[in-house]
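Dumped upload.pdb below, it's PDB, C-alpha atoms:
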```pdb
MODEL        1
ATOM      1  CA  THR R1298     -29.881  -1.609  -1.324
ATOM      2  CA  VAL R1299     -31.341  -0.699  -4.700
ATOM      3  CA  GLY R1300     -33.624   1.852  -3.056
ATOM      4  CA  ILE R1301     -30.741   3.473  -1.220
ATOM      5  CA  ALA R1302     -28.655   3.591  -4.389
ATOM      6  CA  ASN R1303     -31.497   5.254  -6.279
ATOM      7  CA  ALA R1304     -31.953   7.820  -3.509
ATOM      8  CA  LEU R1305     -28.237   8.657  -3.558
ATOM      9  CA  SER R1306     -28.404   8.969  -7.333
ATOM     10  CA  TYR R1307     -31.093  11.625  -6.928
ATOM     11  CA  LEU R1308     -28.931  13.312  -4.288
ATOM     12  CA  ILE R1309     -26.066  13.543  -6.778
ATOM     13  CA  ASP R1310     -28.456  15.037  -9.353
ATOM     14  CA  ALA R1311     -29.487  17.594  -6.740
ATOM     15  CA  ALA R1312     -25.838  18.344  -5.975
ATOM     16  CA  GLY R1313     -25.335  19.102  -9.658
ATOM     17  CA  ILE R1314     -28.232  21.548  -9.667
ATOM     18  CA  LEU R1315     -26.980  23.205  -6.467
ATOM     19  CA  LYS R1316     -23.245  23.114  -7.254
ATOM     20  CA  ASN R1317     -22.975  26.907  -7.160
ATOM     21  CA  GLU R1318     -24.747  27.112  -3.797
ATOM     22  CA  PRO R1319     -22.944  27.011  -0.408
ATOM     23  CA  ILE R1320     -24.071  23.415   0.201
ATOM     24  CA  ALA R1321     -21.878  20.338   0.682
ATOM     25  CA  PHE R1322     -22.858  16.669   0.565
ATOM     26  CA  SER R1323     -21.173  13.841   2.479
ATOM     27  CA  ILE R1324     -21.974  10.227   1.626
ATOM     28  CA  LEU R1325     -21.088   7.477   4.080
ATOM     29  CA  GLY R1326     -21.047   3.727   3.564
ATOM     30  CA  ASN R1327     -19.443   1.078   1.363
ATOM     31  CA  GLY R1328     -22.434  -0.403  -0.431
ATOM     32  CA  PRO R1329     -22.209  -2.063  -3.849
ATOM     33  CA  ALA R1330     -23.266   1.149  -5.633
ATOM     34  CA  LYS R1331     -20.458   3.272  -4.189
ATOM     35  CA  CYS R1332     -18.015   2.893  -7.095
ATOM     36  CA  ASP R1333     -20.709   3.842  -9.624
ATOM     37  CA  LEU R1334     -21.708   6.868  -7.562
ATOM     38  CA  GLN R1335     -18.085   7.987  -7.274
ATOM     39  CA  GLU R1336     -17.679   7.754 -11.041
ATOM     40  CA  ARG R1337     -20.778   9.895 -11.569
ATOM     41  CA  VAL R1338     -19.512  12.512  -9.139
ATOM     42  CA  SER R1339     -16.111  12.555 -10.868
ATOM     43  CA  LYS R1340     -17.611  12.905 -14.359
ATOM     44  CA  LYS R1341     -19.892  15.744 -13.223
ATOM     45  CA  GLY R1342     -17.008  17.528 -11.490
ATOM     46  CA  LEU R1343     -18.941  17.881  -8.234
ATOM     47  CA  SER R1344     -16.256  19.020  -5.815
ATOM     48  CA  LYS R1345     -18.742  19.496  -2.963
ATOM     49  CA  VAL R1346     -19.768  15.830  -2.873
ATOM     50  CA  SER R1347     -17.440  13.787  -0.690
ATOM     51  CA  PHE R1348     -17.264  10.120   0.264
ATOM     52  CA  TYR R1349     -15.963   8.675   3.498
ATOM     53  CA  ASP R1350     -12.868   6.854   2.242
ATOM     54  CA  ALA R1351     -10.158   7.496   4.836
ATOM     55  CA  VAL R1352      -9.600   3.761   5.377
ATOM     56  CA  SER R1353      -9.229   3.042   1.669
ATOM     57  CA  LYS R1354      -6.771   5.903   1.175
ATOM     58  CA  THR R1355      -4.644   4.778   4.119
ATOM     59  CA  ILE R1356      -4.466   1.192   2.839
ATOM     60  CA  ASN R1357      -3.525   2.362  -0.647
ATOM     61  CA  GLU R1358      -0.782   4.632   0.672
ATOM     62  CA  TYR R1359       0.717   1.820   2.734
ATOM     63  CA  VAL R1360       0.623  -0.773  -0.066
ATOM     64  CA  SER R1361       2.123   1.722  -2.529
ATOM     65  CA  LYS R1362       5.389   1.482  -0.555
ATOM     66  CA  PHE R1363       5.796  -2.192  -1.503
ATOM     67  CA  ASP R1364       7.287  -3.612  -4.680
ATOM     68  CA  LYS R1365       4.900  -3.924  -7.615
ATOM     69  CA  GLY R1366       3.720  -7.329  -8.812
ATOM     70  CA  ILE R1367       3.102  -8.810  -5.366
ATOM     71  CA  THR R1368       0.253 -11.192  -4.525
ATOM     72  CA  VAL R1369      -2.423  -9.519  -2.371
ATOM     73  CA  LEU R1370      -5.272 -11.324  -0.607
ATOM     74  CA  ASP R1371      -8.290  -9.554   0.884
ATOM     75  CA  ALA R1372      -9.501 -11.992   3.538
ATOM     76  CA  GLY R1373     -13.194 -11.314   4.075
ATOM     77  CA  SER R1374     -13.473  -8.996   1.078
ATOM     78  CA  GLY R1375     -17.274  -8.733   1.009
ATOM     79  CA  ILE R1376     -18.200  -6.912  -2.204
ATOM     80  CA  GLY R1377     -14.552  -5.959  -2.614
ATOM     81  CA  TYR R1378     -14.770  -2.203  -2.164
ATOM     82  CA  TYR R1379     -11.303  -1.793  -0.640
ATOM     83  CA  LEU R1380      -9.750  -4.311  -3.025
ATOM     84  CA  VAL R1381     -11.212  -2.618  -6.104
ATOM     85  CA  GLN R1382      -9.935   0.775  -4.944
ATOM     86  CA  LEU R1383      -6.495  -0.725  -4.337
ATOM     87  CA  HIS R1384      -6.488  -2.291  -7.819
ATOM     88  CA  LYS R1385      -7.317   1.089  -9.346
ATOM     89  CA  GLU R1386      -4.370   2.654  -7.525
ATOM     90  CA  ILE R1387      -1.861  -0.170  -8.094
ATOM     91  CA  PRO R1388      -3.003  -2.386 -10.999
ATOM     92  CA  GLU R1389       0.378  -4.156 -11.317
ATOM     93  CA  ASN R1390      -0.271  -6.446  -8.340
ATOM     94  CA  ILE R1391      -2.059  -9.818  -8.391
ATOM     95  CA  TYR R1392      -5.253  -9.565  -6.354
ATOM     96  CA  TYR R1393      -7.497 -12.155  -4.726
ATOM     97  CA  GLY R1394     -10.696 -11.528  -2.804
ATOM     98  CA  ILE R1395     -12.268 -14.238  -0.677
ATOM     99  CA  ASP R1396     -15.548 -14.122   1.223
ATOM    100  CA  ILE R1397     -18.123 -16.605   2.439
ATOM    101  CA  SER R1398     -20.904 -14.579   0.801
ATOM    102  CA  LYS R1399     -21.555 -15.705  -2.775
ATOM    103  CA  LEU R1400     -23.621 -12.589  -3.459
ATOM    104  CA  GLY R1401     -20.820 -10.359  -2.222
ATOM    105  CA  ILE R1402     -18.267 -12.099  -4.441
ATOM    106  CA  LEU R1403     -20.566 -11.884  -7.480
ATOM    107  CA  GLU R1404     -20.979  -8.163  -6.865
ATOM    108  CA  GLY R1405     -17.223  -7.712  -6.628
ATOM    109  CA  ALA R1406     -16.676  -9.648  -9.849
ATOM    110  CA  LYS R1407     -18.972  -7.218 -11.663
ATOM    111  CA  LYS R1408     -16.796  -4.300 -10.552
ATOM    112  CA  GLN R1409     -13.362  -5.637 -11.477
ATOM    113  CA  LYS R1410     -12.810  -8.737 -13.610
ATOM    114  CA  ASP R1411      -9.018  -8.627 -13.275
ATOM    115  CA  ILE R1412      -9.307  -9.579  -9.595
ATOM    116  CA  ARG R1413      -9.578 -13.295  -8.743
ATOM    117  CA  TRP R1414     -12.749 -13.727  -6.696
ATOM    118  CA  ILE R1415     -13.267 -16.755  -4.433
ATOM    119  CA  VAL R1416     -16.276 -17.932  -2.437
ATOM    120  CA  GLY R1417     -14.761 -19.496   0.647
ATOM    121  CA  SER R1418     -13.946 -19.219   4.338
ATOM    122  CA  THR R1419     -11.056 -17.312   5.867
ATOM    123  CA  ALA R1420     -10.809 -20.154   8.387
ATOM    124  CA  LYS R1421      -9.472 -22.428   5.628
ATOM    125  CA  LEU R1422      -7.836 -20.365   2.904
ATOM    126  CA  PRO R1423      -7.549 -22.183  -0.470
ATOM    127  CA  PHE R1424      -3.921 -21.142  -0.972
ATOM    128  CA  GLU R1425      -0.648 -22.998  -0.794
ATOM    129  CA  SER R1426       1.602 -22.318   2.159
ATOM    130  CA  GLU R1427       3.934 -19.323   1.774
ATOM    131  CA  SER R1428       2.267 -18.162  -1.455
ATOM    132  CA  VAL R1429       0.931 -14.698  -0.533
ATOM    133  CA  ASP R1430       2.895 -11.470  -0.064
ATOM    134  CA  LEU R1431       0.230  -9.374   1.646
ATOM    135  CA  ILE R1432      -3.068 -10.078   3.418
ATOM    136  CA  ILE R1433      -5.648  -7.375   4.083
ATOM    137  CA  SER R1434      -8.435  -7.778   6.642
ATOM    138  CA  VAL R1435     -10.832  -4.831   6.929
ATOM    139  CA  PHE R1436     -13.476  -5.169   9.652
ATOM    140  CA  SER R1437     -13.535  -8.915   8.963
ATOM    141  CA  PRO R1438     -12.803 -12.039  11.000
ATOM    142  CA  TYR R1439      -9.615 -13.918  10.206
ATOM    143  CA  THR R1440      -7.671 -16.884  11.539
ATOM    144  CA  ASP R1441      -4.160 -16.161  12.748
ATOM    145  CA  GLU R1442      -2.827 -19.616  11.932
ATOM    146  CA  GLU R1443      -4.211 -19.639   8.390
ATOM    147  CA  CYS R1444      -2.912 -16.172   7.604
ATOM    148  CA  SER R1445       0.506 -17.095   8.940
ATOM    149  CA  ARG R1446       0.486 -20.308   6.905
ATOM    150  CA  VAL R1447      -0.239 -18.730   3.498
ATOM    151  CA  LEU R1448       2.041 -15.702   3.938
ATOM    152  CA  LYS R1449       5.575 -15.847   2.620
ATOM    153  CA  PRO R1450       8.354 -15.660   5.241
ATOM    154  CA  ASP R1451       8.683 -11.922   4.596
ATOM    155  CA  GLY R1452       4.934 -11.422   4.035
ATOM    156  CA  ARG R1453       2.853  -8.778   5.779
ATOM    157  CA  MET R1454      -0.689  -8.367   7.007
ATOM    158  CA  ILE R1455      -2.813  -5.228   7.303
ATOM    159  CA  VAL R1456      -5.628  -5.440   9.854
ATOM    160  CA  VAL R1457      -8.244  -2.676  10.116
ATOM    161  CA  SER R1458     -10.485  -2.887  13.179
ATOM    162  CA  PRO R1459     -12.716  -0.435  15.083
ATOM    163  CA  ASN R1460     -11.533   1.121  18.316
ATOM    164  CA  GLU R1461     -13.681   2.129  21.275
ATOM    165  CA  PHE R1462     -14.587   5.489  19.707
ATOM    166  CA  HIS R1463     -15.774   4.057  16.376
ATOM    167  CA  LEU R1464     -18.892   6.052  15.325
ATOM    168  CA  GLN R1465     -19.098   7.360  18.888
ATOM    169  CA  GLU R1466     -20.848  10.658  18.106
ATOM    170  CA  LEU R1467     -23.386   8.940  15.866
ATOM    171  CA  LYS R1468     -24.161   6.336  18.541
ATOM    172  CA  GLU R1469     -24.722   9.063  21.125
ATOM    173  CA  GLU R1470     -27.316  10.716  18.884
ATOM    174  CA  VAL R1471     -29.113   7.516  17.863
ATOM    175  CA  TYR R1472     -29.150   5.445  21.063
ATOM    176  CA  PRO R1473     -30.435   6.530  24.504
ATOM    177  CA  VAL R1474     -27.559   4.668  26.179
ATOM    178  CA  VAL R1475     -24.214   3.888  24.579
ATOM    179  CA  LEU R1476     -22.491   0.878  26.090
ATOM    180  CA  LYS R1477     -18.826   1.322  26.848
ATOM    181  CA  ARG R1478     -16.749  -1.181  24.921
ATOM    182  CA  THR R1479     -13.060  -1.882  25.194
ATOM    183  CA  TYR R1480     -10.842  -3.167  22.428
ATOM    184  CA  GLU R1481      -7.475  -4.806  22.573
ATOM    185  CA  GLU R1482      -5.229  -2.698  20.394
ATOM    186  CA  ASN R1483      -3.174  -4.229  17.625
ATOM    187  CA  THR R1484      -3.789  -7.818  18.654
ATOM    188  CA  ILE R1485      -2.293 -10.323  16.267
ATOM    189  CA  SER R1486      -1.844 -13.166  18.675
ATOM    190  CA  HIS R1487      -0.037 -15.724  16.533
ATOM    191  CA  LYS R1488       3.639 -15.977  17.362
ATOM    192  CA  GLY R1489       4.525 -15.829  13.680
ATOM    193  CA  PHE R1490       3.636 -12.119  13.533
ATOM    194  CA  ASN R1491       5.542  -9.059  14.704
ATOM    195  CA  LEU R1492       3.917  -5.634  14.880
ATOM    196  CA  ILE R1493       5.649  -3.262  12.446
ATOM    197  CA  GLN R1494       3.371  -0.245  12.509
ATOM    198  CA  SER R1495       0.140   0.950  14.117
ATOM    199  CA  GLN R1496      -1.972   3.886  13.005
ATOM    200  CA  ASP R1497      -5.234   5.464  14.158
ATOM    201  CA  ILE R1498      -7.420   6.508  11.234
ATOM    202  CA  LYS R1499      -9.688   9.442  11.920
ATOM    203  CA  GLU R1500     -11.996  11.368   9.641
ATOM    204  CA  ARG R1501     -14.694  13.766  10.733
ATOM    205  CA  VAL R1502     -17.928  13.979   8.764
ATOM    206  CA  VAL R1503     -20.314  16.773   9.745
ATOM    207  CA  PHE R1504     -24.034  16.685   8.941
ATOM    208  CA  GLU R1505     -27.196  18.229  10.326
ATOM    209  CA  LYS R1506     -28.799  16.538  13.324
ATOM    210  CA  GLU R1507     -32.255  16.351  11.700
ATOM    211  CA  TYR R1508     -30.935  13.792   9.202
ATOM    212  CA  LEU R1509     -30.767  11.301  12.061
ATOM    213  CA  LYS R1510     -34.489  11.421  12.659
ATOM    214  CA  SER R1511     -36.506   8.420  11.537
TER
ENDMDL
END
```

Let me see the structure of the file written as structure tokens.
Amino acid sequence: TVGIANALSYLIDAAGILKNEPIAFSILGNGPAKCDLQERVSKKGLSKVSFYDAVSKTINEYVSKFDKGITVLDAGSGIGYYLVQLHKEIPENIYYGIDISKLGILEGAKKQKDIRWIVGSTAKLPFESESVDLIISVFSPYTDEECSRVLKPDGRMIVVSPNEFHLQELKEEVYPVVLKRTYEENTISHKGFNLIQSQDIKERVVFEKEYLKS
């Protein structure tokens, strides 16, 4: 990870040198260095360097519609990328991030100390029943019963999961055969949940084919 972060740092330096040239840079991924890299890009005013953040923006827009001061839990937060971005957008809320990875939680704690970080399992959430206003699960496993238990009666849950076309074009370039996979859409099986809204998130990132070569 350190090597990749260093390489991207050099890329940002190169983008600064070439900022007046007709060249654009797209950076994909949610590694622990992403927030630092975004800050560098912002400080340098590099408008031609973009990050893939469609999911984060969509979550932030949805949560911004709620009252401020609510309790938000990221179940399976990893290093907390989405939670940190949400905190930046809406700092008035009370945020918790839980993940089974101690290293991931430690990395998240370095990024934002105002968030409560917990090493633990989403299969047994260390929260009292009906104590959370909103649960977020982004590409992470979760337990329906536990989420239903800790949510308040009027609580909500945001689930982000890949559909059958997730990274489809990239897979077709990298793998000789792409297996067809099917996904059940919008499946929250526990009877305590009702589907309020569903949204497909799409963002197209274009890059040269030679960058896929090993």

Practice item. Using the chain letters and numbering of this document, enumerate as a list in words the residues selected by the PyMOL selection byres ((chain R and resi 1374-1391) around 7). Key: Asn1327, Pro1329, Ser1353, Asn1357, Lys1365, Gly1366, Ile1367, Thr1368, Val1369, Asp1371, Ala1372, Gly1373, Tyr1392, Tyr1393, Gly1394, Ile1395, Asp1396, Ser1398, Gly1401, Ile1402, Glu1404, Gly1405 and Gln1409 of chain R

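The interatomic distance for the pair atom CA of Val1474 of chain R and atom CA of Val1457 of chain R works out to 26.2 Å.
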
Exercise for review: Would you kindly return, as a ChimeraX atom specification, each protein, DNA or RNA residue with an atom no farther than 8 Å from any atom of Leu1448 of chain R, considering only C-alpha atoms and excluding same-chain residues fewer than 2 positions away?
Suggested key: /R:1426-1432,1444-1446,1450-1453

**Study point:** Separation of atom CA of Lys1362 of chain R from atom CA of Val1447 of chain R in Å
**Key:**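 Value for the atom CA of Val1447 of chain R-atom CA of Lys1362 of chain R distance: 21.4 Å.
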
Review point. In Å to one decimal, how far is atom CA of Leu1370 of chain R from atom CA of Glu1336 of chain R?
Key: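 That distance, rounded to one decimal, is 25.0 Å.
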
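Minimum atom-to-atom distance to Asp1441 of chain R, evaluated using all atoms listed in the file, belongs to R:Phe1490 out of R:Ser1458, R:Phe1490, R:Ile1412, R:Ile1397.
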
Check your understanding: List as a ChimeraX atom specification: which residues have an atom within 8 Å of (-7.0, -19.8, 15.5), counting only C-alpha atoms?
Key -> /R:1440-1443

Output segment 1373-1385 of chain R as a compact mmCIF listing (two decimals), in the coordinates of the input, making sure N, CA, C and O atoms are there.
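Saved to part-v1.txt:
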```txt
# COMPACT_ATOMS: atom_id res chain seq x y z
N GLY R 1373 -11.91 -11.87 3.64
CA GLY R 1373 -13.19 -11.31 4.08
C GLY R 1373 -13.50 -10.06 3.27
O GLY R 1373 -13.82 -9.01 3.83
N SER R 1374 -13.40 -10.17 1.96
CA SER R 1374 -13.47 -9.00 1.08
C SER R 1374 -14.88 -8.42 0.93
O SER R 1374 -15.03 -7.27 0.52
N GLY R 1375 -15.91 -9.22 1.25
CA GLY R 1375 -17.27 -8.73 1.01
C GLY R 1375 -17.46 -8.45 -0.47
O GLY R 1375 -17.09 -9.26 -1.33
N ILE R 1376 -17.99 -7.28 -0.80
CA ILE R 1376 -18.20 -6.91 -2.20
C ILE R 1376 -16.93 -6.37 -2.84
O ILE R 1376 -16.92 -6.00 -4.01
N GLY R 1377 -15.85 -6.31 -2.06
CA GLY R 1377 -14.55 -5.96 -2.61
C GLY R 1377 -14.27 -4.48 -2.76
O GLY R 1377 -13.41 -4.10 -3.56
N TYR R 1378 -14.96 -3.65 -1.99
CA TYR R 1378 -14.77 -2.20 -2.16
C TYR R 1378 -13.31 -1.80 -2.00
O TYR R 1378 -12.73 -1.13 -2.86
N TYR R 1379 -12.68 -2.21 -0.90
CA TYR R 1379 -11.30 -1.79 -0.64
C TYR R 1379 -10.34 -2.41 -1.65
O TYR R 1379 -9.37 -1.78 -2.07
N LEU R 1380 -10.62 -3.64 -2.07
CA LEU R 1380 -9.75 -4.31 -3.02
C LEU R 1380 -9.84 -3.65 -4.41
O LEU R 1380 -8.82 -3.48 -5.08
N VAL R 1381 -11.03 -3.28 -4.81
CA VAL R 1381 -11.21 -2.62 -6.10
C VAL R 1381 -10.50 -1.27 -6.12
O VAL R 1381 -9.84 -0.91 -7.10
N GLN R 1382 -10.61 -0.52 -5.02
CA GLN R 1382 -9.94 0.78 -4.94
C GLN R 1382 -8.42 0.60 -4.98
O GLN R 1382 -7.70 1.39 -5.60
N LEU R 1383 -7.94 -0.45 -4.33
CA LEU R 1383 -6.50 -0.72 -4.34
C LEU R 1383 -6.03 -1.11 -5.74
O LEU R 1383 -4.96 -0.69 -6.19
N HIS R 1384 -6.82 -1.90 -6.45
CA HIS R 1384 -6.49 -2.29 -7.82
C HIS R 1384 -6.42 -1.08 -8.74
O HIS R 1384 -5.57 -1.00 -9.63
N LYS R 1385 -7.34 -0.13 -8.54
CA LYS R 1385 -7.32 1.09 -9.35
C LYS R 1385 -6.03 1.87 -9.12
O LYS R 1385 -5.45 2.43 -10.06
```
